[in-house]
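S.K.: What follows is a single structure, and I will ask about it in a moment.
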Amino acid sequence: MGPVMDNKFDWKRFLLSFDGRIGRRYYWVRFNLPYIAIVIFLGLLESAGSEQAPLLSFIFIVAASWPSLAVGVKRCHDRDRSGWFLLISLIPVVGSIWLLVELGFLRGTVGPNKLGPDPLNAIAPVA
């Protein structure tokens with residue numbers, strides 16, 4: 001079951017659980033865009049000379065690590081890959097680009113896969 005339950009979004013499951021699948025929309029709108037906005041805000045604080053900016057940045061990185069992994073793993077699951085696929089980002093330059101394309105731009109498996117039901121509730125096309 002995905003992060004949406006009874007027409008109410010389950011933030012706890014979305015950010016902390018490694019089970020299930022999420023689509024690109026949740027990946028971008030509910031996680032990456034807010035994440036990017038916070039990083040930009042912290043960068044602006046640091047460039048403005050705020051003494052608290054490095055501490056706030058450290059706290060954010062530590063606090064966002066688990067949710068980032070959980071969301072990434074669920075996105076890998078949607079692509080019918082193991083969460084270990086995230087380790088491809090360790091390959092310099094190419095790994096990060098590959099991961100961005102796989103998780104951010106390519107559609108997940110149509111219909112259920114071994115890692116959960118389709119988050120878009122799509123019906124697999126008839127061959």
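Residue numbers start at 1 in each chain; chains themselves are named A, B, ... in the order of the structure tokens; ligands are numbered from 1 in the order shown.
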Which residues are close to stretch 53-56 of chain A, i.e. within 8 Å by only C-alpha atoms, leaving aside same-chain residues fewer than 5 positions away? Reply as a PyMOL selection string.
M.R.: chain A and resi 42-43+45-46
S.K.: Dump C-alpha atoms for the selected residues as a PDB file, in the first residue's frame?
M.R.:
ATOM      1  CA  LEU A  42      20.202  27.615   4.085  1.00  0.00           C
ATOM      2  CA  GLY A  43      22.627  28.622   1.342  1.00  0.00           C
ATOM      3  CA  LEU A  45      21.603  32.289   5.149  1.00  0.00           C
ATOM      4  CA  GLU A  46      25.197  31.173   4.884  1.00  0.00           C
TER       5      GLU A  46
END
S.K.: Provide the atom CA of A:Gly72 to atom CA of A:Arg25 distance in Å, to one decimal place.
M.R.: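 Between atom CA of A:Gly72 and atom CA of A:Arg25 the gap works out to 13.1 Å.
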S.K.: Just give me the gap between atom CA of A:Val94 and atom CA of A:Arg81 in Å, one decimal is fine.
M.R.: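 Going from atom CA of A:Val94 over to atom CA of A:Arg81 covers 18.2 Å.
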S.K.: Using only C-alpha atoms, which residues of stretch 67-91 of chain A come within 6 Å of stretch 13-20 of chain A, and what is the closest atom pair for each, with the distance in Å to one decimal? Give it as a Markdown table, sorted by chain and residue number.
M.R.:
| residue | atom | partner | partner_atom | distance |
| --- | --- | --- | --- | --- |
| A:Pro67 | CA | A:Leu15 | CA | 4.6 |
| A:Ala70 | CA | A:Phe18 | CA | 4.9 |
| A:Lys74 | CA | A:Gly20 | CA | 5.8 |
S.K.: Please produce a file of those selected residues containing C-alpha atoms, as a PDB file, in the first residue's frame.
M.R.:
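result-v8.pdb, written as the output of this step:
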ATOM      1  CA  PRO A  67      13.677  10.384   4.935  1.00  0.00           C
ATOM      2  CA  ALA A  70      13.274   6.053   2.576  1.00  0.00           C
ATOM      3  CA  LYS A  74      10.424   3.600  -2.444  1.00  0.00           C
TER       4      LYS A  74
END
S.K.: Can I get the residues of stretch 51-93 of chain A within 6 Å of stretch 100-118 of chain A, each with the closest pair of atoms and their distance in Å to one decimal, using only C-alpha atoms, sorted chain first then ascending number, as a Markdown table?
M.R.:
| residue | atom | partner | partner_atom | distance |
| --- | --- | --- | --- | --- |
| A:Arg75 | CA | A:Leu103 | CA | 5.9 |
| A:His77 | CA | A:Leu115 | CA | 5.8 |
| A:Asp78 | CA | A:Gly108 | CA | 4.7 |
| A:Arg79 | CA | A:Gly108 | CA | 4.4 |
S.K.: Go ahead and save the residues from that selection, with all heavy atoms, as a JSON list (two decimals), in the first residue's frame.
M.R.:
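This went into part.json:
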[["chain", "number", "residue", "atom", "x", "y", "z"],
["A", 75, "ARG", "N", 11.10, 4.94, -4.34],
["A", 75, "ARG", "CA", 11.13, 5.29, -5.76],
["A", 75, "ARG", "C", 11.84, 4.18, -6.55],
["A", 75, "ARG", "O", 11.42, 3.84, -7.65],
["A", 75, "ARG", "CB", 11.83, 6.64, -5.92],
["A", 75, "ARG", "CG", 11.71, 7.24, -7.26],
["A", 75, "ARG", "CD", 10.28, 7.61, -7.64],
["A", 75, "ARG", "NE", 10.28, 7.81, -9.07],
["A", 75, "ARG", "CZ", 9.59, 7.10, -9.95],
["A", 75, "ARG", "NH1", 8.73, 6.20, -9.56],
["A", 75, "ARG", "NH2", 9.72, 7.31, -11.22],
["A", 77, "HIS", "N", 11.79, 1.08, -5.71],
["A", 77, "HIS", "CA", 10.79, 0.01, -5.75],
["A", 77, "HIS", "C", 9.80, 0.24, -6.89],
["A", 77, "HIS", "O", 9.37, -0.71, -7.54],
["A", 77, "HIS", "CB", 10.04, -0.08, -4.43],
["A", 77, "HIS", "CG", 10.86, -0.61, -3.31],
["A", 77, "HIS", "ND1", 10.38, -0.66, -2.01],
["A", 77, "HIS", "CD2", 12.11, -1.11, -3.25],
["A", 77, "HIS", "CE1", 11.31, -1.17, -1.23],
["A", 77, "HIS", "NE2", 12.37, -1.46, -1.96],
["A", 78, "ASP", "N", 9.44, 1.49, -7.13],
["A", 78, "ASP", "CA", 8.51, 1.78, -8.22],
["A", 78, "ASP", "C", 9.12, 1.44, -9.57],
["A", 78, "ASP", "O", 8.41, 1.08, -10.50],
["A", 78, "ASP", "CB", 8.09, 3.25, -8.18],
["A", 78, "ASP", "CG", 6.91, 3.55, -9.08],
["A", 78, "ASP", "OD1", 5.99, 2.72, -9.14],
["A", 78, "ASP", "OD2", 6.92, 4.61, -9.72],
["A", 79, "ARG", "N", 10.43, 1.54, -9.67],
["A", 79, "ARG", "CA", 11.13, 1.19, -10.91],
["A", 79, "ARG", "C", 11.48, -0.30, -10.94],
["A", 79, "ARG", "O", 12.20, -0.75, -11.82],
["A", 79, "ARG", "CB", 12.41, 2.02, -11.04],
["A", 79, "ARG", "CG", 12.18, 3.50, -11.17],
["A", 79, "ARG", "CD", 11.85, 3.96, -12.56],
["A", 79, "ARG", "NE", 12.87, 3.50, -13.49],
["A", 79, "ARG", "CZ", 12.59, 2.99, -14.68],
["A", 79, "ARG", "NH1", 11.37, 2.89, -15.11],
["A", 79, "ARG", "NH2", 13.57, 2.59, -15.46]]
S.K.: Can you pull out the residues contacting A:Ile88? Cut-off 12 Å, using only C-alpha atoms, and skip same-chain residues under 3 positions away; I want them as a ChimeraX atom specification.
M.R.: /A:76,81-85,91-100,102-103
S.K.: What would the file look like if the residues just selected were written as a CSV table (one decimal), in the first residue's frame with all heavy atoms?
M.R.:
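The result, stored in selection00.csv:
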chain,number,residue,atom,x,y,z
A,76,CYS,N,12.9,3.6,-6.0
A,76,CYS,CA,13.6,2.5,-6.6
A,76,CYS,C,12.6,1.3,-6.8
A,76,CYS,O,12.5,0.6,-7.8
A,76,CYS,CB,14.8,2.0,-5.8
A,76,CYS,SG,16.2,3.1,-5.9
A,81,ARG,N,13.3,-2.0,-8.8
A,81,ARG,CA,14.7,-2.2,-8.4
A,81,ARG,C,14.8,-2.3,-6.9
A,81,ARG,O,13.9,-1.7,-6.2
A,81,ARG,CB,15.6,-1.0,-8.9
A,81,ARG,CG,15.6,-0.9,-10.4
A,81,ARG,CD,16.7,0.2,-10.7
A,81,ARG,NE,16.8,0.4,-12.2
A,81,ARG,CZ,17.6,-0.4,-12.9
A,81,ARG,NH1,18.3,-1.4,-12.4
A,81,ARG,NH2,17.7,-0.1,-14.2
A,82,SER,N,15.8,-2.9,-6.4
A,82,SER,CA,16.1,-2.9,-5.0
A,82,SER,C,16.5,-1.6,-4.5
A,82,SER,O,17.1,-0.8,-5.3
A,82,SER,CB,17.2,-4.0,-4.7
A,82,SER,OG,17.8,-3.8,-3.5
A,83,GLY,N,16.4,-1.3,-3.2
A,83,GLY,CA,16.8,0.0,-2.7
A,83,GLY,C,18.4,0.1,-2.7
A,83,GLY,O,18.9,1.2,-2.7
A,84,TRP,N,19.1,-1.0,-2.9
A,84,TRP,CA,20.5,-1.0,-3.0
A,84,TRP,C,20.9,-0.2,-4.3
A,84,TRP,O,22.1,0.2,-4.4
A,84,TRP,CB,21.1,-2.4,-3.0
A,84,TRP,CG,21.0,-3.0,-1.7
A,84,TRP,CD1,20.1,-4.0,-1.3
A,84,TRP,CD2,21.8,-2.7,-0.5
A,84,TRP,NE1,20.3,-4.3,0.0
A,84,TRP,CE2,21.3,-3.6,0.5
A,84,TRP,CE3,22.8,-1.9,-0.2
A,84,TRP,CZ2,21.8,-3.5,1.8
A,84,TRP,CZ3,23.4,-1.9,1.0
A,84,TRP,CH2,22.9,-2.7,2.0
A,85,PHE,N,20.0,-0.1,-5.2
A,85,PHE,CA,20.3,0.7,-6.5
A,85,PHE,C,20.8,2.1,-6.2
A,85,PHE,O,21.5,2.7,-7.0
A,85,PHE,CB,19.1,0.7,-7.4
A,85,PHE,CG,19.3,1.3,-8.7
A,85,PHE,CD1,20.1,0.7,-9.7
A,85,PHE,CD2,18.8,2.6,-9.0
A,85,PHE,CE1,20.3,1.3,-10.9
A,85,PHE,CE2,19.0,3.2,-10.2
A,85,PHE,CZ,19.8,2.6,-11.1
A,91,ILE,N,29.2,6.2,-7.9
A,91,ILE,CA,30.0,6.3,-9.1
A,91,ILE,C,30.1,7.8,-9.5
A,91,ILE,O,29.1,8.4,-9.7
A,91,ILE,CB,29.4,5.5,-10.3
A,91,ILE,CG1,29.3,4.0,-10.0
A,91,ILE,CG2,30.2,5.7,-11.6
A,91,ILE,CD1,28.6,3.2,-11.0
A,92,PRO,N,31.3,8.4,-9.5
A,92,PRO,CA,31.4,9.8,-9.8
A,92,PRO,C,30.7,10.2,-11.1
A,92,PRO,O,30.8,9.6,-12.1
A,92,PRO,CB,32.9,10.0,-9.9
A,92,PRO,CG,33.5,8.9,-9.1
A,92,PRO,CD,32.6,7.7,-9.3
A,93,VAL,N,30.0,11.3,-11.0
A,93,VAL,CA,29.3,12.0,-12.0
A,93,VAL,C,28.2,11.1,-12.7
A,93,VAL,O,27.0,11.4,-12.6
A,93,VAL,CB,30.2,12.6,-13.1
A,93,VAL,CG1,29.4,13.4,-14.2
A,93,VAL,CG2,31.2,13.5,-12.5
A,94,VAL,N,28.6,10.0,-13.4
A,94,VAL,CA,27.7,9.2,-14.1
A,94,VAL,C,26.6,8.6,-13.2
A,94,VAL,O,25.4,8.5,-13.5
A,94,VAL,CB,28.4,8.1,-14.8
A,94,VAL,CG1,27.5,7.1,-15.5
A,94,VAL,CG2,29.4,8.6,-15.8
A,95,GLY,N,27.0,8.2,-12.0
A,95,GLY,CA,26.1,7.5,-11.0
A,95,GLY,C,25.0,8.5,-10.6
A,95,GLY,O,23.8,8.1,-10.6
A,96,SER,N,25.3,9.7,-10.3
A,96,SER,CA,24.3,10.7,-9.9
A,96,SER,C,23.3,11.0,-11.0
A,96,SER,O,22.1,11.2,-10.8
A,96,SER,CB,25.0,12.0,-9.4
A,96,SER,OG,25.8,11.7,-8.3
A,97,ILE,N,23.9,11.2,-12.2
A,97,ILE,CA,23.0,11.5,-13.4
A,97,ILE,C,22.1,10.3,-13.6
A,97,ILE,O,20.9,10.5,-13.9
A,97,ILE,CB,23.8,11.8,-14.6
A,97,ILE,CG1,24.6,13.1,-14.4
A,97,ILE,CG2,23.0,11.9,-15.9
A,97,ILE,CD1,25.7,13.4,-15.4
A,98,TRP,N,22.6,9.1,-13.6
A,98,TRP,CA,21.8,7.9,-13.8
A,98,TRP,C,20.7,7.8,-12.8
A,98,TRP,O,19.5,7.5,-13.1
A,98,TRP,CB,22.7,6.6,-13.8
A,98,TRP,CG,22.1,5.3,-14.2
A,98,TRP,CD1,20.8,5.1,-14.5
A,98,TRP,CD2,22.8,4.1,-14.3
A,98,TRP,NE1,20.6,3.8,-14.8
A,98,TRP,CE2,21.8,3.1,-14.7
A,98,TRP,CE3,24.1,3.7,-14.1
A,98,TRP,CZ2,22.1,1.8,-14.9
A,98,TRP,CZ3,24.4,2.4,-14.3
A,98,TRP,CH2,23.4,1.4,-14.7
A,99,LEU,N,21.0,8.0,-11.5
A,99,LEU,CA,20.0,7.9,-10.5
A,99,LEU,C,19.0,9.0,-10.7
A,99,LEU,O,17.8,8.7,-10.5
A,99,LEU,CB,20.7,8.1,-9.1
A,99,LEU,CG,19.9,7.7,-7.9
A,99,LEU,CD1,19.5,6.2,-8.0
A,99,LEU,CD2,20.6,8.0,-6.6
A,100,LEU,N,19.4,10.2,-11.0
A,100,LEU,CA,18.4,11.3,-11.3
A,100,LEU,C,17.4,10.9,-12.4
A,100,LEU,O,16.2,11.1,-12.3
A,100,LEU,CB,19.1,12.6,-11.7
A,100,LEU,CG,18.2,13.7,-12.1
A,100,LEU,CD1,17.3,14.2,-10.9
A,100,LEU,CD2,19.0,14.9,-12.7
A,102,GLU,N,16.7,7.8,-13.5
A,102,GLU,CA,15.9,6.6,-13.1
A,102,GLU,C,14.8,7.0,-12.1
A,102,GLU,O,13.6,6.6,-12.3
A,102,GLU,CB,16.8,5.6,-12.4
A,102,GLU,CG,17.6,4.7,-13.4
A,102,GLU,CD,16.9,3.5,-13.9
A,102,GLU,OE1,15.8,3.1,-13.3
A,102,GLU,OE2,17.3,3.0,-14.9
A,103,LEU,N,15.1,7.8,-11.1
A,103,LEU,CA,14.2,8.1,-10.1
A,103,LEU,C,13.3,9.3,-10.4
A,103,LEU,O,12.1,9.3,-10.0
A,103,LEU,CB,14.9,8.3,-8.7
A,103,LEU,CG,15.7,7.1,-8.2
A,103,LEU,CD1,16.2,7.4,-6.8
A,103,LEU,CD2,15.0,5.8,-8.3
S.K.: I need the residues of stretch 1-124 of chain A that end up classed as strand (DSSP E or B) by DSSP on the backbone, written out as a ChimeraX atom specification.
M.R.: /A:4-5,8-9,113,116
S.K.: Would you mind exporting the chosen residues as a short mmCIF file (atom, residue, chain, number, x, y, z; two decimals), in the first residue's frame, restricted to all heavy atoms?
M.R.:
data_model
loop_
_atom_site.label_atom_id
_atom_site.label_comp_id
_atom_site.auth_asym_id
_atom_site.auth_seq_id
_atom_site.Cartn_x
_atom_site.Cartn_y
_atom_site.Cartn_z
N VAL A 4 -0.73 6.99 0.48
CA VAL A 4 -2.05 7.58 0.59
C VAL A 4 -2.99 6.53 1.18
O VAL A 4 -3.15 5.45 0.65
CB VAL A 4 -2.59 8.03 -0.79
CG1 VAL A 4 -3.98 8.60 -0.64
CG2 VAL A 4 -1.65 9.04 -1.41
N MET A 5 -3.59 6.83 2.31
CA MET A 5 -4.51 5.91 2.97
C MET A 5 -5.78 6.66 3.30
O MET A 5 -5.72 7.71 3.92
CB MET A 5 -3.90 5.37 4.26
CG MET A 5 -2.72 4.49 4.06
SD MET A 5 -2.24 3.89 5.67
CE MET A 5 -0.61 3.37 5.36
N LYS A 8 -6.16 10.42 2.89
CA LYS A 8 -5.35 11.29 3.74
C LYS A 8 -3.89 10.88 3.57
O LYS A 8 -3.56 9.72 3.70
CB LYS A 8 -5.78 11.15 5.20
CG LYS A 8 -5.02 12.05 6.13
CD LYS A 8 -5.46 11.86 7.56
CE LYS A 8 -4.59 12.70 8.47
NZ LYS A 8 -4.67 12.28 9.85
N PHE A 9 -3.04 11.83 3.27
CA PHE A 9 -1.63 11.52 3.05
C PHE A 9 -0.96 11.15 4.36
O PHE A 9 -1.09 11.85 5.36
CB PHE A 9 -0.93 12.72 2.41
CG PHE A 9 0.45 12.41 1.95
CD1 PHE A 9 0.65 11.69 0.78
CD2 PHE A 9 1.55 12.81 2.68
CE1 PHE A 9 1.93 11.40 0.35
CE2 PHE A 9 2.82 12.52 2.26
CZ PHE A 9 3.02 11.82 1.09
N ASN A 113 4.27 -4.83 -8.98
CA ASN A 113 5.51 -5.57 -9.17
C ASN A 113 5.83 -6.29 -7.87
O ASN A 113 5.03 -6.26 -6.93
CB ASN A 113 6.66 -4.66 -9.65
CG ASN A 113 7.09 -3.62 -8.63
OD1 ASN A 113 6.86 -3.76 -7.44
ND2 ASN A 113 7.74 -2.56 -9.10
N GLY A 116 5.39 -4.12 -4.60
CA GLY A 116 4.15 -3.46 -4.18
C GLY A 116 3.25 -3.13 -5.34
O GLY A 116 3.61 -3.28 -6.51
#
S.K.: Could you tell me how far atom CA of A:Leu86 lies from atom CA of A:Trp66, in Å and to one decimal?
M.R.: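 Between these atoms lies a distance of 13.2 Å.
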S.K.: From the set A:Phe58, A:Leu87, A:Asp80, A:Ala48, which residue has the shortest atom-to-atom contact distance to A:Ile22, counting only C-alpha atoms?
M.R.: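 Of the candidates, the smallest distance to A:Ile22 is held by A:Asp80.
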